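*Asks:* My file is final15.txt. It has compact mmCIF, C-alpha atoms:
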```
# COMPACT_ATOMS: atom_id res chain seq x y z
CA MET A 1 0.00 0.00 0.00
CA LYS A 2 2.74 2.38 0.98
CA THR A 3 4.75 1.68 -2.13
CA LEU A 4 1.63 2.14 -4.21
CA LEU A 5 1.02 5.54 -2.65
CA ILE A 6 4.60 6.57 -3.16
CA GLY A 7 4.32 5.30 -6.69
CA ILE A 8 1.21 7.39 -7.36
CA LEU A 9 2.81 10.44 -5.80
CA PHE A 10 5.89 9.90 -7.88
CA VAL A 11 3.94 9.64 -11.11
CA GLN A 12 1.91 12.70 -10.25
CA ALA A 13 5.01 14.67 -9.35
CA PHE A 14 6.64 13.54 -12.55
CA THR A 15 3.76 14.48 -14.80
CA ALA A 16 3.26 17.75 -12.94
CA ALA A 17 6.95 18.57 -13.17
CA SER A 18 7.10 18.02 -16.89
CA GLY A 19 3.61 19.48 -17.30
CA GLN A 20 2.86 16.79 -19.84
CA THR A 21 -0.64 15.51 -19.83
CA LYS A 22 -1.37 16.44 -23.42
CA TYR A 23 -0.20 14.25 -26.23
CA ILE A 24 -0.25 15.09 -29.91
CA ASP A 25 0.18 13.50 -33.30
CA ARG A 26 0.21 15.63 -36.44
CA SER A 27 0.64 12.84 -38.94
CA GLY A 28 -1.84 10.24 -37.79
CA LYS A 29 -3.12 7.66 -40.21
CA ALA A 30 -6.69 7.10 -41.22
CA SER A 31 -7.85 4.69 -43.86
CA PHE A 32 -11.02 3.09 -45.00
CA PHE A 33 -11.80 -0.02 -46.91
CA SER A 34 -14.96 -0.78 -48.81
CA SER A 35 -15.52 -4.21 -50.23
CA ALA A 36 -18.30 -4.49 -52.76
CA PRO A 37 -19.19 -7.04 -55.47
CA MET A 38 -17.72 -4.90 -58.25
CA GLU A 39 -14.58 -3.53 -56.65
CA ASP A 40 -12.64 -2.96 -53.48
CA ILE A 41 -11.98 0.64 -52.62
CA GLU A 42 -9.25 1.72 -50.29
CA ALA A 43 -8.02 5.17 -49.31
CA HIS A 44 -5.34 6.43 -46.99
CA ASN A 45 -4.79 9.69 -45.15
CA ASN A 46 -1.49 10.25 -43.35
CA GLU A 47 -2.27 13.78 -42.23
CA ALA A 48 -4.75 13.33 -39.39
CA VAL A 49 -4.23 15.41 -36.26
CA SER A 50 -5.17 14.36 -32.76
CA ILE A 51 -4.66 15.56 -29.21
CA LEU A 52 -5.17 13.32 -26.20
CA ASP A 53 -5.16 14.52 -22.60
CA ILE A 54 -4.20 11.57 -20.43
CA GLN A 55 -5.30 13.33 -17.26
CA THR A 56 -8.88 14.05 -18.29
CA GLY A 57 -9.17 11.44 -21.04
CA GLU A 58 -10.40 14.05 -23.47
CA MET A 59 -9.55 13.38 -27.06
CA VAL A 60 -10.00 15.29 -30.29
CA ALA A 61 -9.07 14.25 -33.78
CA SER A 62 -9.60 15.80 -37.15
CA MET A 63 -8.67 15.14 -40.71
CA LEU A 64 -9.14 16.71 -44.10
CA MET A 65 -11.15 14.91 -46.75
CA LYS A 66 -8.86 16.08 -49.54
CA SER A 67 -5.96 14.35 -47.80
CA PHE A 68 -7.36 10.91 -48.62
CA ASN A 69 -5.36 9.23 -51.35
CA PHE A 70 -6.82 6.58 -53.62
CA ARG A 71 -4.99 4.29 -55.98
CA LYS A 72 -7.02 5.63 -58.89
CA ALA A 73 -7.24 9.37 -59.44
CA LEU A 74 -10.77 8.99 -60.78
CA MET A 75 -11.93 7.35 -57.55
CA GLN A 76 -10.39 10.20 -55.59
CA GLU A 77 -12.23 12.71 -57.75
CA HIS A 78 -15.57 10.92 -57.29
CA PHE A 79 -15.00 10.64 -53.54
CA ASN A 80 -14.32 14.37 -53.22
CA GLU A 81 -16.90 15.67 -55.66
CA ASN A 82 -19.83 13.26 -55.52
CA TYR A 83 -19.81 11.45 -52.21
CA ILE A 84 -18.03 13.30 -49.43
CA GLU A 85 -18.43 16.74 -51.08
CA SER A 86 -15.14 17.97 -49.68
CA ASP A 87 -15.59 21.54 -50.92
CA LYS A 88 -18.68 21.85 -48.73
CA PHE A 89 -17.47 19.65 -45.87
CA PRO A 90 -13.66 19.82 -45.91
CA LYS A 91 -13.00 17.93 -42.68
CA ALA A 92 -14.11 15.16 -40.39
CA THR A 93 -13.78 15.63 -36.66
CA PHE A 94 -14.01 13.45 -33.60
CA LYS A 95 -14.56 14.71 -30.09
CA GLY A 96 -14.70 12.32 -27.22
CA LYS A 97 -13.30 10.78 -24.12
CA VAL A 98 -11.39 7.74 -22.95
CA THR A 99 -13.68 6.33 -20.25
CA ASN A 100 -11.44 3.73 -18.65
CA LEU A 101 -8.36 5.82 -17.88
CA ASP A 102 -8.07 4.15 -14.48
CA GLN A 103 -6.67 1.12 -16.31
CA PHE A 104 -4.11 3.19 -18.19
CA ASP A 105 -0.64 3.99 -16.94
CA ILE A 106 1.67 6.10 -19.09
CA SER A 107 4.66 5.23 -16.92
CA LYS A 108 4.32 1.50 -17.58
CA ASN A 109 5.22 0.16 -21.00
CA GLY A 110 2.69 -2.28 -22.33
CA LYS A 111 -0.56 -2.86 -24.13
CA TYR A 112 -3.83 -1.33 -22.94
CA GLU A 113 -7.37 -1.50 -24.19
CA LEU A 114 -9.11 1.87 -24.13
CA ASP A 115 -12.84 2.53 -24.33
CA VAL A 116 -13.46 5.65 -26.36
CA THR A 117 -16.86 7.28 -26.69
CA GLY A 118 -17.70 10.43 -28.52
CA GLU A 119 -19.12 11.97 -31.64
CA ILE A 120 -17.97 11.90 -35.23
CA ASN A 121 -18.81 14.74 -37.55
CA LEU A 122 -18.52 13.75 -41.17
CA HIS A 123 -20.18 15.15 -44.28
CA GLY A 124 -22.03 17.65 -42.08
CA VAL A 125 -23.67 14.93 -39.97
CA THR A 126 -22.87 14.18 -36.34
CA GLN A 127 -23.18 10.61 -35.06
CA PRO A 128 -22.29 9.06 -31.70
CA VAL A 129 -19.57 6.42 -31.73
CA GLN A 130 -18.17 3.98 -29.26
CA VAL A 131 -14.95 2.19 -30.10
CA LYS A 132 -12.33 0.05 -28.46
CA ALA A 133 -8.83 1.22 -29.14
CA GLU A 134 -5.60 -0.59 -28.55
CA ALA A 135 -2.92 1.57 -27.00
CA ILE A 136 0.70 0.59 -26.69
CA VAL A 137 2.80 2.64 -24.31
CA ASP A 138 6.45 2.68 -25.24
CA ASN A 139 8.79 4.90 -23.26
CA GLY A 140 6.39 7.80 -22.90
CA GLY A 141 4.88 7.56 -26.36
CA ILE A 142 1.44 6.14 -27.09
CA GLN A 143 0.64 4.20 -30.22
CA ALA A 144 -3.15 3.99 -30.42
CA THR A 145 -5.14 2.12 -33.04
CA ALA A 146 -8.87 1.66 -33.53
CA VAL A 147 -10.78 -0.26 -36.17
CA PHE A 148 -14.51 0.24 -36.53
CA PRO A 149 -17.28 0.21 -39.16
CA LEU A 150 -19.13 3.27 -40.41
CA THR A 151 -22.37 3.09 -42.32
CA VAL A 152 -22.39 5.30 -45.40
CA LYS A 153 -26.12 6.05 -45.04
CA ASP A 154 -25.73 7.32 -41.44
CA PHE A 155 -23.77 10.27 -42.74
CA ASN A 156 -26.18 11.17 -45.48
CA ILE A 157 -23.74 10.12 -48.18
CA LYS A 158 -25.76 9.28 -51.26
CA VAL A 159 -24.62 6.56 -53.59
CA PRO A 160 -26.32 6.58 -57.00
CA ARG A 161 -28.19 3.37 -57.89
CA LEU A 162 -25.91 2.87 -60.88
CA VAL A 163 -22.81 2.37 -58.75
CA ILE A 164 -24.45 0.77 -55.75
CA ASN A 165 -22.63 -2.47 -56.55
CA ASN A 166 -19.31 -0.66 -56.43
CA ILE A 167 -19.57 0.81 -52.95
CA ALA A 168 -20.24 -1.11 -49.77
CA GLU A 169 -22.93 0.10 -47.37
CA GLU A 170 -20.54 -0.25 -44.53
CA VAL A 171 -16.90 0.74 -44.71
CA GLN A 172 -14.16 -0.43 -42.41
CA VAL A 173 -12.28 2.48 -40.86
CA THR A 174 -8.82 2.20 -39.33
CA ILE A 175 -7.38 5.04 -37.28
CA SER A 176 -3.87 5.07 -35.91
CA PHE A 177 -2.14 7.76 -33.89
CA ASN A 178 1.40 7.84 -32.62
CA TYR A 179 1.13 10.28 -29.73
CA LYS A 180 4.11 12.15 -28.36
CA PRO A 181 4.11 14.62 -25.46
CA MET A 182 3.06 18.08 -26.60
CA LYS A 183 5.82 20.64 -26.46
CA MET B 1 -15.62 1.89 -89.16
CA ILE B 2 -17.78 0.59 -86.30
CA ALA B 3 -14.84 -1.36 -84.95
CA SER B 4 -12.67 1.73 -84.87
CA VAL B 5 -15.39 3.75 -83.10
CA ILE B 6 -15.69 1.01 -80.48
CA LEU B 7 -11.92 0.86 -80.13
CA ILE B 8 -11.60 4.63 -79.69
CA THR B 9 -14.44 4.66 -77.15
CA CYS B 10 -12.73 1.90 -75.20
CA VAL B 11 -9.40 3.70 -75.23
CA VAL B 12 -11.01 6.94 -74.07
CA CYS B 13 -12.89 5.12 -71.29
CA LEU B 14 -9.71 3.41 -70.12
CA MET B 15 -7.85 6.72 -70.18
CA ILE B 16 -10.52 8.28 -68.00
CA TYR B 17 -10.58 5.26 -65.70
CA TYR B 18 -6.82 5.21 -65.29
CA LYS B 19 -6.21 8.93 -65.50
CA PRO B 20 -3.09 9.94 -63.61
CA HIS B 21 -2.98 11.71 -60.26
CA ARG B 22 -2.32 15.43 -60.21
CA SER B 23 1.29 16.41 -60.50
CA VAL B 24 2.27 19.45 -58.48
CA LYS B 25 5.53 19.77 -60.41
CA ASN B 26 3.82 20.34 -63.73
CA GLU B 27 0.97 22.52 -62.56
CA THR B 28 1.46 26.26 -62.30
CA ALA B 29 0.56 27.76 -58.94
CA ALA B 30 -2.85 29.43 -58.73
CA PHE B 31 -1.59 31.72 -55.96
CA LYS B 32 1.80 32.82 -54.68
CA LEU B 33 1.78 34.10 -51.13
CA THR B 34 3.51 34.08 -47.74
CA VAL B 35 2.68 31.74 -44.87
CA THR B 36 1.36 34.68 -42.85
CA GLN B 37 -1.01 35.72 -45.63
CA LEU B 38 -2.32 32.17 -46.00
CA VAL B 39 -2.70 31.53 -42.27
CA ASP B 40 -4.40 34.89 -41.74
CA ALA B 41 -6.86 34.17 -44.54
CA PHE B 42 -7.87 30.91 -42.85
CA SER B 43 -7.94 32.36 -39.33
CA GLU B 44 -10.16 35.25 -40.38
CA ASP B 45 -12.72 33.34 -42.38
CA GLU B 46 -12.20 29.63 -42.89
CA THR B 47 -15.18 29.15 -45.22
CA LYS B 48 -14.06 31.95 -47.48
CA ALA B 49 -10.46 30.75 -47.47
CA ASN B 50 -11.63 27.22 -48.31
CA GLU B 51 -13.57 28.55 -51.29
CA LYS B 52 -10.52 30.38 -52.52
CA TYR B 53 -7.68 27.95 -51.84
CA LEU B 54 -9.05 24.42 -51.38
CA GLY B 55 -7.63 21.99 -53.91
CA LYS B 56 -5.50 24.70 -55.54
CA VAL B 57 -1.78 24.55 -56.13
CA LEU B 58 -0.07 27.21 -54.01
CA GLU B 59 3.45 28.51 -53.77
CA VAL B 60 4.14 29.60 -50.23
CA GLU B 61 7.15 31.20 -48.58
CA GLY B 62 7.87 31.42 -44.90
CA ARG B 63 10.16 30.51 -42.06
CA LEU B 64 10.77 26.90 -41.13
CA LYS B 65 9.52 26.20 -37.61
CA GLU B 66 10.05 22.49 -37.26
CA ILE B 67 10.77 19.34 -39.24
CA ILE B 68 8.82 16.23 -38.36
CA LEU B 69 10.03 12.98 -39.84
CA ASN B 70 8.38 9.66 -39.15
CA ASP B 71 7.74 6.42 -40.95
CA SER B 72 4.73 7.68 -42.87
CA SER B 73 5.55 11.27 -43.68
CA LEU B 74 7.92 14.18 -43.75
CA VAL B 75 6.32 17.37 -42.54
CA LEU B 76 7.63 20.91 -42.54
CA LEU B 77 5.95 23.21 -40.05
CA MET B 78 6.22 26.76 -41.25
CA GLY B 79 5.28 30.11 -39.82
CA ASP B 80 5.83 32.38 -36.86
CA SER B 81 7.15 30.36 -33.92
CA THR B 82 5.32 32.60 -31.44
CA GLN B 83 1.97 31.67 -32.92
CA MET B 84 -0.07 28.50 -32.48
CA THR B 85 -1.27 28.20 -36.07
CA GLY B 86 1.08 27.87 -38.97
CA LEU B 87 1.38 25.83 -42.10
CA SER B 88 1.96 22.07 -42.24
CA CYS B 89 3.56 20.95 -45.48
CA TYR B 90 3.53 17.23 -46.19
CA LEU B 91 6.37 16.67 -48.63
CA LEU B 92 6.32 14.17 -51.46
CA ARG B 93 8.46 11.11 -50.82
CA ASP B 94 11.00 12.04 -53.50
CA GLN B 95 11.82 15.25 -51.60
CA LYS B 96 13.46 13.30 -48.79
CA ASN B 97 17.02 13.87 -49.91
CA LYS B 98 16.45 17.61 -50.23
CA TYR B 99 15.29 18.39 -46.71
CA THR B 100 18.46 17.30 -44.91
CA THR B 101 20.17 20.64 -45.48
CA LEU B 102 17.26 22.61 -44.04
CA LYS B 103 17.65 24.39 -40.75
CA LYS B 104 15.08 25.70 -38.31
CA GLY B 105 14.38 29.39 -38.78
CA GLN B 106 15.54 29.59 -42.36
CA PRO B 107 13.19 30.85 -45.07
CA VAL B 108 11.81 28.13 -47.34
CA GLY B 109 9.56 28.04 -50.34
CA VAL B 110 7.21 25.16 -51.04
CA LYS B 111 4.70 24.32 -53.69
CA GLY B 112 1.79 22.02 -52.97
CA ILE B 113 -1.95 21.47 -52.90
CA CYS B 114 -3.96 23.21 -50.18
CA ASN B 115 -6.23 20.73 -48.39
CA GLY B 116 -7.77 23.03 -45.77
CA MET B 117 -7.12 23.75 -42.12
CA LEU B 118 -6.88 21.60 -38.99
CA LEU B 119 -4.54 22.87 -36.26
CA ASP B 120 -2.52 24.38 -39.07
CA VAL B 121 -3.29 25.12 -42.66
CA VAL B 122 -2.44 21.89 -44.49
CA MET B 123 -0.72 21.48 -47.84
CA ASP B 124 0.22 18.13 -49.27
CA LYS B 125 2.11 16.65 -52.22
CA CYS B 126 4.58 19.45 -51.52
CA ILE B 127 7.88 20.02 -53.26
CA LEU B 128 10.65 22.27 -52.05
CA LEU B 129 11.36 25.21 -54.30
CA SER B 130 15.00 25.91 -55.13
CA GLU B 131 16.87 26.66 -51.95
CA GLU B 132 19.18 29.25 -53.45
CA LYS B 133 16.46 31.86 -53.29
```
Since I need it in another form, could you write the structure as C-alpha cells?

*Replies:*
Amino acid sequence: MKTLLIGILFVQAFTAASGQTKYIDRSGKASFFSSAPMEDIEAHNNEAVSILDIQTGEMVASMLMKSFNFRKALMQEHFNENYIESDKFPKATFKGKVTNLDQFDISKNGKYELDVTGEINLHGVTQPVQVKAEAIVDNGGIQATAVFPLTVKDFNIKVPRLVINNIAEEVQVTISFNYKPMK
Amino acid sequence: MIASVILITCVVCLMIYYKPHRSVKNETAAFKLTVTQLVDAFSEDETKANEKYLGKVLEVEGRLKEIILNDSSLVLLMGDSTQMTGLSCYLLRDQKNKYTTLKKGQPVGVKGICNGMLLDVVMDKCILLSEEK
C-alpha cells in the first residue's frame, strides 16, 4: 500500500513537473476499406491530427477529406466531388473521451485496451460512436489504433443506384495515432 | 468503321478510368503568397479561405519552424514560432534527400496542394522550391 502511494505520488510529481498531460500526433493515419461485389476501394490519409489529454481522457481528432489518397485518381475525384463533397465539408472531426483511464498507466510500457466514446462529424452529420482502441505505451509515447465500421447512409452520403454495386454500405475504418508529449 | 469507333471509345474510357494523379511539379501555382497571408486568410474566415484555396496549387514562402520525420511522412511546419497556427507541409516522398540541409528558422519556399485547415493550414504533395532563393 505504501509503495503504491509513493508510486502514485511519484507519477503525479513527474507528470506535474514536466507538465505533460497532453499528447499530440500531427501525422496520424486514417484509412477506409470498402468491399463491394464490383470492386474494393481503399483510401489512406497520413495527415490526421489528434490531441489526447491523459489526465482528463479528453480526445479530439480531425482530418481533411482532400488528404485521402486513392490508388485511382478517378476514384479520388468521385469521392471528393460526388460522395463526401469535400468543398462543402472539408473535414471530419471526432470529439470524445477515454472512459477507462483508471486502467491506463503512461509510466508502464505495455498494451492497454481503451474505451473511447464520442461523436464523429462527417459530411455535415454528427453521429455518436463507441470504439475500443488498442494503445501501446512505449517509453512515454502512445501508439493507439482503432478499427470500426461506419455506415455510409448514417452520414447522409448518397450513392447513386448505378454504382451501388461498387460501394459497400458499410466501410471499415482504421485510425492510428502515434502520440508524443506536446511541447 | 464501327470497330474503330468502339476501339476509340474503349481507349477513351480506359484513359478516363486510369487517368493519372495530379502532378504538383507540372501545374502552375494558382496563388503565390507568404505563410502569414495564408494563415491569416484561414484564421479570419475559414469558409471563405476554403472557397478560394481548397484543392488549388499554391506557392508559399515562410520561415521553417520544425521538421517532423516519421515512418509515414515528412512534414515541414512553417510560420511564426510565437503563434499556435502555422502551415503544415507534407512533402512528397521524393523530396526526402532535399530536406536534410534545411535548418530551423531559415526561409523556405514550397509548392503544394492546399487541403484546408486543422490545427494548421495543411498542404500536401509538396515540393521544395529551389533553396538558393

*Asks:* Compute the chain B side of the contact with chain A at 9 Å, counting all atoms listed in the file, and hand it back as an mmCIF file with C-alpha atoms, in the coordinates of the input.

*Replies:*
```cif
data_model
loop_
_atom_site.group_PDB
_atom_site.id
_atom_site.type_symbol
_atom_site.label_atom_id
_atom_site.label_comp_id
_atom_site.auth_asym_id
_atom_site.auth_seq_id
_atom_site.Cartn_x
_atom_site.Cartn_y
_atom_site.Cartn_z
ATOM 1 C CA ILE B 16 -10.520 8.280 -68.000
ATOM 2 C CA TYR B 17 -10.580 5.260 -65.700
ATOM 3 C CA TYR B 18 -6.820 5.210 -65.290
ATOM 4 C CA LYS B 19 -6.210 8.930 -65.500
ATOM 5 C CA PRO B 20 -3.090 9.940 -63.610
ATOM 6 C CA HIS B 21 -2.980 11.710 -60.260
ATOM 7 C CA ARG B 22 -2.320 15.430 -60.210
ATOM 8 C CA THR B 47 -15.180 29.150 -45.220
ATOM 9 C CA ASN B 50 -11.630 27.220 -48.310
ATOM 10 C CA GLU B 51 -13.570 28.550 -51.290
ATOM 11 C CA LEU B 54 -9.050 24.420 -51.380
ATOM 12 C CA GLY B 55 -7.630 21.990 -53.910
ATOM 13 C CA ILE B 68 8.820 16.230 -38.360
ATOM 14 C CA ASN B 70 8.380 9.660 -39.150
ATOM 15 C CA SER B 72 4.730 7.680 -42.870
ATOM 16 C CA SER B 73 5.550 11.270 -43.680
ATOM 17 C CA LEU B 74 7.920 14.180 -43.750
ATOM 18 C CA VAL B 75 6.320 17.370 -42.540
ATOM 19 C CA SER B 88 1.960 22.070 -42.240
ATOM 20 C CA TYR B 90 3.530 17.230 -46.190
ATOM 21 C CA CYS B 114 -3.960 23.210 -50.180
ATOM 22 C CA ASN B 115 -6.230 20.730 -48.390
ATOM 23 C CA GLY B 116 -7.770 23.030 -45.770
ATOM 24 C CA MET B 117 -7.120 23.750 -42.120
ATOM 25 C CA LEU B 118 -6.880 21.600 -38.990
ATOM 26 C CA LEU B 119 -4.540 22.870 -36.260
ATOM 27 C CA VAL B 122 -2.440 21.890 -44.490
ATOM 28 C CA MET B 123 -0.720 21.480 -47.840
ATOM 29 C CA ASP B 124 0.220 18.130 -49.270
#
```

*Asks:* Quick one: residues within 10 Å of (-26.6, 13.1, -38.5) (file frame), counting all atoms listed in the file, please, as a PDB file with C-alpha atoms, in the coordinates of the input.

*Replies:*
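result-v7.pdb was written with the following content:
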```pdb
ATOM      1  CA  ILE A 120     -17.970  11.900 -35.230  1.00  0.00           C
ATOM      2  CA  ASN A 121     -18.810  14.740 -37.550  1.00  0.00           C
ATOM      3  CA  LEU A 122     -18.520  13.750 -41.170  1.00  0.00           C
ATOM      4  CA  HIS A 123     -20.180  15.150 -44.280  1.00  0.00           C
ATOM      5  CA  GLY A 124     -22.030  17.650 -42.080  1.00  0.00           C
ATOM      6  CA  VAL A 125     -23.670  14.930 -39.970  1.00  0.00           C
ATOM      7  CA  THR A 126     -22.870  14.180 -36.340  1.00  0.00           C
ATOM      8  CA  GLN A 127     -23.180  10.610 -35.060  1.00  0.00           C
ATOM      9  CA  PRO A 128     -22.290   9.060 -31.700  1.00  0.00           C
ATOM     10  CA  LYS A 153     -26.120   6.050 -45.040  1.00  0.00           C
ATOM     11  CA  ASP A 154     -25.730   7.320 -41.440  1.00  0.00           C
ATOM     12  CA  PHE A 155     -23.770  10.270 -42.740  1.00  0.00           C
ATOM     13  CA  ASN A 156     -26.180  11.170 -45.480  1.00  0.00           C
TER      14      ASN A 156
END
```

*Asks:* B:Leu33, B:Ala3, B:Val39, B:Leu91: which is nearest Gly79 (chain B), counting all atoms listed in the file?

*Replies:*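 Distance minimum relative to Gly79 (chain B) lands on B:Val39.
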
*Asks:* Work out how far apart CA of Lys180 (chain A) and CA of Gly110 (chain A) are and give it in Å to one decimal.

*Replies:* 15.7 Å

*Asks:* Would you be able to write out as a list of chain:residue names which residues have an atom within 9 Å of (5.2, 31.5, -48.6) in the file's coordinates, counting only C-alpha atoms?

*Replies:* B:Lys32, B:Leu33, B:Thr34, B:Val35, B:Thr36, B:Gln37, B:Leu38, B:Leu58, B:Glu59, B:Val60, B:Glu61, B:Gly62, B:Arg63, B:Met78, B:Gly79, B:Pro107, B:Val108, B:Gly109, B:Val110, B:Lys111

*Asks:* Mind pulling up the distance from CA of Phe94 (chain A) to CA of Thr56 (chain A)?

*Replies:*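 Distance reported for this atom pair: 16.2 Å.
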
*Asks:* Just the number, please: distance in Å from CA of Ala30 (chain B) to CA of Lys48 (chain B), one decimal.

*Replies:*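 The value is 16.1 Å.
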
*Asks:* Residues at most 7 Å from Leu150 (chain A), counting only C-alpha atoms, excluding those fewer than 5 positions away in the same chain, as a PyMOL selection string?

*Replies:* chain A and resi 170-173

*Asks:* Within 6 Å of Val129 (chain A), counting all atoms listed in the file, which residues show up once you throw out same-chain ones fewer than 2 positions away? Write them as a ChimeraX atom specification, please.

*Replies:* /A:117-119

*Asks:* I need the residue nearest Val147 (chain A) from this list: A:Ser35, A:Ser176, A:Asn100, A:Thr21. Use only C-alpha atoms for the distance.

*Replies:*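 So, comparing all the options, the nearest one is A:Ser176.
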
*Asks:* Taking the partial coordinates given, rebuild region 92-100 of chain A to contain all heavy atoms; return it as a compact mmCIF listing (two decimals), in the coordinates of the input.

*Replies:*
```txt
# COMPACT_ATOMS: atom_id res chain seq x y z
N ALA A 92 -13.37 16.01 -41.32
CA ALA A 92 -14.11 15.16 -40.39
C ALA A 92 -13.50 15.38 -39.03
O ALA A 92 -12.28 15.52 -38.91
CB ALA A 92 -13.98 13.70 -40.79
N THR A 93 -14.32 15.44 -38.00
CA THR A 93 -13.78 15.63 -36.66
C THR A 93 -14.34 14.59 -35.70
O THR A 93 -15.44 14.07 -35.89
CB THR A 93 -14.13 17.02 -36.10
OG1 THR A 93 -15.54 17.20 -36.18
CG2 THR A 93 -13.44 18.12 -36.87
N PHE A 94 -13.55 14.30 -34.68
CA PHE A 94 -14.01 13.45 -33.60
C PHE A 94 -13.75 14.17 -32.29
O PHE A 94 -12.68 14.75 -32.10
CB PHE A 94 -13.28 12.10 -33.61
CG PHE A 94 -13.53 11.29 -32.38
CD1 PHE A 94 -14.67 10.52 -32.26
CD2 PHE A 94 -12.64 11.34 -31.31
CE1 PHE A 94 -14.92 9.80 -31.10
CE2 PHE A 94 -12.89 10.63 -30.15
CZ PHE A 94 -14.03 9.84 -30.05
N LYS A 95 -14.73 14.16 -31.42
CA LYS A 95 -14.56 14.71 -30.09
C LYS A 95 -15.05 13.67 -29.11
O LYS A 95 -16.16 13.17 -29.25
CB LYS A 95 -15.42 15.97 -29.95
CG LYS A 95 -14.61 17.23 -29.83
CD LYS A 95 -15.48 18.43 -29.61
CE LYS A 95 -14.89 19.60 -30.37
NZ LYS A 95 -15.83 20.62 -30.71
N GLY A 96 -14.22 13.34 -28.13
CA GLY A 96 -14.70 12.32 -27.22
C GLY A 96 -13.82 12.15 -26.00
O GLY A 96 -13.03 13.04 -25.66
N LYS A 97 -13.96 11.00 -25.39
CA LYS A 97 -13.30 10.78 -24.12
C LYS A 97 -12.91 9.31 -23.98
O LYS A 97 -13.63 8.42 -24.42
CB LYS A 97 -14.29 11.13 -23.00
CG LYS A 97 -13.65 11.92 -21.91
CD LYS A 97 -14.64 12.46 -20.93
CE LYS A 97 -13.81 13.03 -19.80
NZ LYS A 97 -14.45 13.86 -18.90
N VAL A 98 -11.77 9.10 -23.34
CA VAL A 98 -11.39 7.74 -22.95
C VAL A 98 -12.05 7.52 -21.59
O VAL A 98 -11.83 8.29 -20.65
CB VAL A 98 -9.86 7.59 -22.83
CG1 VAL A 98 -9.49 6.20 -22.38
CG2 VAL A 98 -9.19 7.92 -24.16
N THR A 99 -12.88 6.48 -21.48
CA THR A 99 -13.68 6.33 -20.25
C THR A 99 -13.07 5.38 -19.22
O THR A 99 -13.52 5.31 -18.10
CB THR A 99 -15.11 5.85 -20.59
OG1 THR A 99 -15.01 4.69 -21.40
CG2 THR A 99 -15.89 6.93 -21.33
N ASN A 100 -12.05 4.65 -19.63
CA ASN A 100 -11.44 3.73 -18.65
C ASN A 100 -9.97 4.07 -18.37
O ASN A 100 -9.11 3.21 -18.38
CB ASN A 100 -11.58 2.28 -19.12
CG ASN A 100 -10.85 2.03 -20.43
OD1 ASN A 100 -10.58 2.97 -21.19
ND2 ASN A 100 -10.48 0.80 -20.68
```
